[in-house]
$ cat run-v3.txt   # compact mmCIF, C-alpha atoms
# COMPACT_ATOMS: atom_id res chain seq x y z
CA MET A 1 11.24 3.30 -15.59
CA LYS A 2 12.77 2.58 -18.98
CA LEU A 3 15.02 -0.31 -19.98
CA ASN A 4 17.85 2.05 -20.87
CA GLU A 5 17.68 3.64 -17.39
CA ILE A 6 18.18 0.39 -15.46
CA ALA A 7 21.57 0.34 -13.74
CA ASP A 8 23.33 -1.66 -11.04
CA ASN A 9 23.72 -0.21 -7.58
CA PRO A 10 26.91 1.82 -7.22
CA GLY A 11 29.81 -0.39 -6.13
CA SER A 12 28.04 -3.68 -6.90
CA ARG A 13 30.37 -4.60 -9.74
CA HIS A 14 34.13 -4.94 -9.32
CA ALA A 15 36.82 -5.31 -11.97
CA ARG A 16 38.61 -8.68 -11.95
CA LYS A 17 42.12 -8.68 -10.41
CA ARG A 18 44.67 -9.28 -13.18
CA VAL A 19 47.61 -10.85 -11.38
CA GLY A 20 51.13 -11.42 -12.67
CA ARG A 21 51.18 -8.44 -15.02
CA GLY A 22 54.34 -6.62 -13.89
CA ILE A 23 55.55 -4.80 -10.77
CA GLY A 24 53.68 -1.60 -11.64
CA SER A 25 50.31 -3.30 -11.12
CA GLY A 26 51.07 -4.13 -7.49
CA LEU A 27 50.26 -7.79 -8.23
CA GLY A 28 53.32 -8.80 -10.22
CA LYS A 29 56.04 -11.34 -9.42
CA THR A 30 54.39 -13.44 -6.66
CA ALA A 31 50.92 -12.21 -7.70
CA GLY A 32 49.72 -11.65 -4.13
CA ARG A 33 50.67 -15.17 -2.99
CA GLY A 34 53.67 -14.21 -0.84
CA GLY A 35 56.85 -16.27 -0.84
CA LYS A 36 57.68 -19.83 -1.78
CA GLY A 37 56.24 -23.12 -0.65
CA GLN A 38 52.98 -25.00 -0.61
CA THR A 39 50.73 -21.96 -0.19
CA ALA A 40 52.25 -20.28 -3.24
CA ARG A 41 51.38 -23.25 -5.45
CA LYS A 42 48.14 -23.94 -7.25
CA GLY A 43 45.91 -26.34 -5.31
CA GLY A 44 47.29 -25.50 -1.86
CA ALA A 45 46.99 -28.00 0.99
CA LYS A 46 45.12 -31.28 0.80
CA ALA A 47 41.85 -31.22 2.73
CA GLY A 48 42.34 -32.64 6.22
CA PHE A 49 46.17 -32.63 5.99
CA GLU A 50 47.71 -31.22 9.16
CA GLY A 51 51.35 -30.92 8.14
CA GLY A 52 52.45 -34.38 9.20
CA GLN A 53 50.62 -34.24 12.54
CA MET A 54 48.20 -37.14 13.04
CA PRO A 55 44.94 -35.81 11.53
CA ILE A 56 41.88 -35.38 13.75
CA TYR A 57 39.87 -38.03 11.91
CA ARG A 58 42.57 -40.57 12.91
CA ARG A 59 43.04 -39.24 16.46
CA LEU A 60 39.36 -39.69 17.34
CA PRO A 61 38.03 -43.19 18.08
CA LYS A 62 35.53 -44.94 15.84
CA ARG A 63 32.03 -45.22 17.28
CA GLY A 64 29.07 -47.44 16.49
CA PHE A 65 28.36 -49.86 13.73
CA ASN A 66 27.05 -49.26 10.23
CA LYS A 67 24.98 -52.15 9.00
CA PRO A 68 26.06 -53.02 5.43
CA ASN A 69 22.60 -54.31 4.46
CA ALA A 70 20.39 -51.92 6.44
CA VAL A 71 16.85 -51.49 5.11
CA ASP A 72 15.36 -48.01 4.81
CA TYR A 73 11.74 -47.89 5.90
CA ASN A 74 9.21 -45.12 5.45
CA GLU A 75 8.19 -44.07 8.95
CA VAL A 76 4.52 -43.07 8.99
CA ASN A 77 2.72 -41.69 12.03
CA LEU A 78 -0.95 -42.45 12.66
CA GLY A 79 -1.72 -38.72 12.68
CA LEU A 80 -0.60 -38.42 9.03
CA VAL A 81 -2.79 -41.36 8.01
CA GLN A 82 -5.81 -39.81 9.77
CA ALA A 83 -5.12 -36.46 8.06
CA ALA A 84 -5.07 -38.21 4.65
CA ILE A 85 -8.43 -39.89 5.45
CA ASP A 86 -9.94 -36.56 6.60
CA ALA A 87 -8.75 -34.96 3.33
CA LYS A 88 -10.38 -37.86 1.37
CA ARG A 89 -7.03 -38.88 -0.17
CA LEU A 90 -7.06 -42.32 1.45
CA ASP A 91 -9.88 -44.87 1.21
CA ALA A 92 -10.82 -46.16 4.68
CA SER A 93 -12.50 -49.30 3.33
CA ALA A 94 -9.40 -50.57 1.46
CA PRO A 95 -6.32 -51.92 3.26
CA VAL A 96 -3.63 -49.32 3.94
CA THR A 97 -0.50 -50.48 2.08
CA ALA A 98 2.67 -48.76 0.89
CA ALA A 99 1.14 -48.32 -2.59
CA ALA A 100 -2.01 -46.73 -1.11
CA LEU A 101 0.11 -44.32 0.97
CA VAL A 102 2.14 -43.32 -2.11
CA ALA A 103 -1.08 -42.70 -4.08
CA ALA A 104 -2.44 -40.60 -1.19
CA GLY A 105 0.77 -38.53 -1.05
CA VAL A 106 1.60 -39.54 2.53
CA ILE A 107 4.98 -40.99 1.41
CA LYS A 108 6.97 -40.30 -1.74
CA ALA A 109 8.36 -43.77 -2.54
CA PRO A 110 7.80 -47.18 -0.94
CA LEU A 111 11.54 -47.77 -0.16
CA GLY A 112 11.97 -51.00 1.87
CA GLY A 113 8.46 -50.90 3.35
CA VAL A 114 6.43 -48.94 5.88
CA ARG A 115 7.02 -48.64 9.65
CA LEU A 116 3.89 -47.55 11.50
CA LEU A 117 4.52 -45.22 14.44
CA GLY A 118 2.02 -44.30 17.13
CA LYS A 119 2.23 -40.47 17.12
CA GLY A 120 -1.14 -38.81 16.56
CA GLU A 121 -4.70 -39.99 17.01
CA LEU A 122 -6.52 -42.49 14.81
CA LYS A 123 -10.34 -42.29 14.76
CA THR A 124 -11.09 -44.49 11.75
CA LYS A 125 -11.22 -48.29 11.57
CA LEU A 126 -8.41 -49.29 9.21
CA ALA A 127 -6.65 -52.47 8.09
CA PHE A 128 -2.91 -51.85 7.82
CA GLU A 129 -0.44 -54.01 5.88
CA VAL A 130 3.00 -52.79 6.94
CA TYR A 131 6.47 -54.27 7.45
CA HIS A 132 6.77 -53.10 11.05
CA ALA A 133 4.59 -51.39 13.66
CA THR A 134 5.43 -50.15 17.14
CA ALA A 135 3.50 -51.55 20.11
CA GLY A 136 1.84 -48.17 20.67
CA ALA A 137 0.75 -47.96 17.04
CA VAL A 138 -0.75 -51.47 17.11
CA ALA A 139 -2.61 -50.63 20.33
CA ALA A 140 -3.99 -47.37 18.87
CA VAL A 141 -5.17 -49.11 15.66
CA GLU A 142 -6.85 -51.93 17.57
CA LYS A 143 -8.47 -49.39 19.93
CA ALA A 144 -10.04 -47.72 16.86
CA GLY A 145 -11.33 -51.15 15.75
CA GLY A 146 -8.75 -51.80 13.04
CA SER A 147 -6.08 -54.41 12.48
CA VAL A 148 -2.35 -54.48 11.70
CA LYS A 149 -0.88 -57.21 9.47
CA GLN A 150 2.91 -57.22 9.70
CA LEU A 151 4.67 -58.35 6.53
CA LYS A 152 8.20 -59.71 6.44
CA PRO A 153 10.75 -57.39 4.79
CA ALA A 154 11.01 -58.08 1.09
CA PRO A 155 14.36 -59.71 0.13
CA ALA A 156 14.57 -57.47 -2.95
CA ALA A 157 14.47 -54.38 -0.71
CA GLN A 158 17.49 -55.63 1.25
CA ASP A 159 19.47 -56.46 -1.91
CA ALA A 160 18.77 -53.03 -3.42
CA LYS A 161 21.02 -51.34 -0.84

$ encode --input "run-v3.txt" --output "structure tokens"
Amino acid sequence: MKLNEIADNPGSRHARKRVGRGIGSGLGKTAGRGGKGQTARKGGAKAGFEGGQMPIYRRLPKRGFNKPNAVDYNEVNLGLVQAAIDAKRLDASAPVTAAALVAAGVIKAPLGGVRLLGKGELKTKLAFEVYHATAGAVAAVEKAGGSVKQLKPAPAAQDAK
């Protein structure tokens, strides 16, 4: 193959439609847009506008509640922590904190803190320092001989939202 022999597949390139260039082109006068009105104009209809009918986003009821100062936590399962220890990315003798999990690559950023979840099996004795832990996670850590210290959410994390 030579550079001067490279070619596109047949039919892969199309010439641009040149509209509004006289009746002989087949796309003169209305330029393929039909008659008058909103659809003939540039911009067309507003998104979600239903021609004066009550739009669907106003016909449907509101549901739920969105907390204005909700805190985003990193949810970490015990199985991921055990995998990081098995891969020698996490030190079992040091306390497991958000900074240690970021350094080990288990989480990307500390966000508002760490929530410990009980999915997976923990075989190593570890000391966790997290903002929240489920009852199952606490039971699994204590069964392995470790401990869970629950920290209060940092006020700066709530204000950052």

$ residues_around --input "run-v3.txt" --residues "Lys123 in chain A" --least-positions-apart "6" --cutoff "10 Å" --atoms "all atoms listed in the file" --output "ChimeraX atom specification"
/A:78-79,82,85-86,140-141,143-146

$ residues_around --input "run-v3.txt" --residues "range 114-118 of chain A" --least-positions-apart "6" --cutoff "7 Å" --atoms "all atoms listed in the file" --output "list of chain:residue names"
A:Tyr73, A:Asn74, A:Glu75, A:Val76, A:Asn77, A:Leu78, A:Ala98, A:Val130, A:Tyr131, A:His132, A:Ala133, A:Thr134, A:Gly136, A:Ala137, A:Ala140

$ residues_around --input "run-v3.txt" --residues "Glu142 in chain A" --least-positions-apart "4" --cutoff "10 Å" --atoms "only C-alpha atoms" --output "list in words"
Leu122, Lys125, Leu126, Ala127, Gly136, Ala137, Val138, Gly146, Ser147 and Val148 of chain A

$ atom_distance --input "run-v3.txt" --atom1 "CA of Gly37 in chain A" --atom2 "CA of Arg59 in chain A"
27.0 Å

$ closest_residue --input "run-v3.txt" --among "A:Lys62, A:Glu129, A:Ala15, A:Lys42" --to "Val96 in chain A" --atoms "only C-alpha atoms"
A:Glu129

$ residues_around --input "run-v3.txt" --residues "Lys29 in chain A" --least-positions-apart "5" --cutoff "7 Å" --atoms "only C-alpha atoms" --output "list in words"
Gly20, Gly22 and Ile23 of chain A

$ closest_residue --input "run-v3.txt" --among "A:Glu121, A:Leu80, A:Ile6, A:Ala92" --to "Ile107 in chain A" --atoms "only C-alpha atoms"
A:Leu80

$ closest_residue --input "run-v3.txt" --among "A:Lys119, A:Gly113, A:Leu60, A:Ala135" --to "Leu151 in chain A" --atoms "only C-alpha atoms"
A:Gly113

$ closest_residue --input "run-v3.txt" --among "A:Lys149, A:Arg58, A:Lys17, A:Arg41" --to "Thr97 in chain A" --atoms "all atoms listed in the file"
A:Lys149

$ decode --input "run-v3.txt" --residues "range 59-146 of chain A" --atoms "C-alpha atoms" --output "CSV table (one decimal), in the first residue's frame"
chain,number,residue,atom,x,y,z
A,59,ARG,CA,-48.4,17.6,34.5
A,60,LEU,CA,-46.5,15.1,36.6
A,61,PRO,CA,-46.3,15.4,40.4
A,62,LYS,CA,-43.1,16.2,42.2
A,63,ARG,CA,-41.7,13.3,44.2
A,64,GLY,CA,-39.2,13.1,47.0
A,65,PHE,CA,-37.0,15.6,48.7
A,66,ASN,CA,-33.5,16.8,47.7
A,67,LYS,CA,-31.4,17.8,50.7
A,68,PRO,CA,-29.8,21.1,50.0
A,69,ASN,CA,-26.7,20.3,52.2
A,70,ALA,CA,-26.4,16.6,51.5
A,71,VAL,CA,-22.9,15.2,52.0
A,72,ASP,CA,-21.3,12.9,49.4
A,73,TYR,CA,-19.5,9.9,51.0
A,74,ASN,CA,-17.2,7.4,49.4
A,75,GLU,CA,-18.8,4.0,49.8
A,76,VAL,CA,-16.2,1.4,50.4
A,77,ASN,CA,-16.9,-2.3,50.7
A,78,LEU,CA,-14.8,-4.6,52.9
A,79,GLY,CA,-14.0,-6.8,49.9
A,80,LEU,CA,-12.2,-3.9,48.2
A,81,VAL,CA,-10.2,-3.1,51.3
A,82,GLN,CA,-9.1,-6.8,51.6
A,83,ALA,CA,-8.2,-6.8,47.9
A,84,ALA,CA,-6.0,-3.7,48.5
A,85,ILE,CA,-4.3,-5.5,51.4
A,86,ASP,CA,-3.7,-8.7,49.4
A,87,ALA,CA,-2.2,-6.6,46.6
A,88,LYS,CA,0.1,-4.9,49.2
A,89,ARG,CA,-1.2,-1.4,48.5
A,90,LEU,CA,-2.6,-0.9,52.0
A,91,ASP,CA,-0.7,-1.3,55.2
A,92,ALA,CA,-2.5,-3.5,57.7
A,93,SER,CA,-0.7,-2.2,60.7
A,94,ALA,CA,-1.7,1.5,60.1
A,95,PRO,CA,-5.2,2.8,60.7
A,96,VAL,CA,-7.4,2.7,57.5
A,97,THR,CA,-8.4,6.4,56.8
A,98,ALA,CA,-9.7,8.2,53.8
A,99,ALA,CA,-6.1,9.4,53.0
A,100,ALA,CA,-4.8,5.8,53.2
A,101,LEU,CA,-7.5,4.6,50.9
A,102,VAL,CA,-6.7,7.4,48.4
A,103,ALA,CA,-3.0,6.4,48.5
A,104,ALA,CA,-3.9,2.8,47.9
A,105,GLY,CA,-6.1,3.6,45.0
A,106,VAL,CA,-9.3,2.2,46.5
A,107,ILE,CA,-11.0,5.7,46.2
A,108,LYS,CA,-10.2,8.6,44.0
A,109,ALA,CA,-10.9,11.5,46.3
A,110,PRO,CA,-11.9,11.8,50.0
A,111,LEU,CA,-15.1,13.7,49.3
A,112,GLY,CA,-17.1,14.2,52.5
A,113,GLY,CA,-15.7,11.1,54.2
A,114,VAL,CA,-15.8,7.3,53.9
A,115,ARG,CA,-18.9,5.0,54.5
A,116,LEU,CA,-17.9,1.4,55.3
A,117,LEU,CA,-20.2,-1.2,53.8
A,118,GLY,CA,-20.2,-4.9,54.7
A,119,LYS,CA,-20.0,-6.5,51.2
A,120,GLY,CA,-17.1,-8.9,50.9
A,121,GLU,CA,-15.0,-10.8,53.4
A,122,LEU,CA,-12.4,-9.3,55.7
A,123,LYS,CA,-9.6,-11.6,56.9
A,124,THR,CA,-7.2,-9.1,58.3
A,125,LYS,CA,-7.2,-7.3,61.6
A,126,LEU,CA,-7.7,-3.6,60.8
A,127,ALA,CA,-8.4,-0.3,62.6
A,128,PHE,CA,-10.8,1.8,60.6
A,129,GLU,CA,-11.4,5.5,61.0
A,130,VAL,CA,-14.5,6.3,58.9
A,131,TYR,CA,-17.4,8.7,59.1
A,132,HIS,CA,-20.0,6.0,58.9
A,133,ALA,CA,-20.2,2.2,59.0
A,134,THR,CA,-23.1,-0.1,58.6
A,135,ALA,CA,-23.9,-2.6,61.4
A,136,GLY,CA,-22.9,-5.5,59.2
A,137,ALA,CA,-19.5,-3.9,58.4
A,138,VAL,CA,-18.8,-3.2,62.0
A,139,ALA,CA,-19.7,-6.8,62.9
A,140,ALA,CA,-17.4,-8.2,60.1
A,141,VAL,CA,-14.5,-6.0,61.2
A,142,GLU,CA,-14.8,-6.9,64.9
A,143,LYS,CA,-15.1,-10.6,63.9
A,144,ALA,CA,-11.8,-10.3,62.2
A,145,GLY,CA,-10.3,-8.8,65.4
A,146,GLY,CA,-10.3,-5.1,64.2
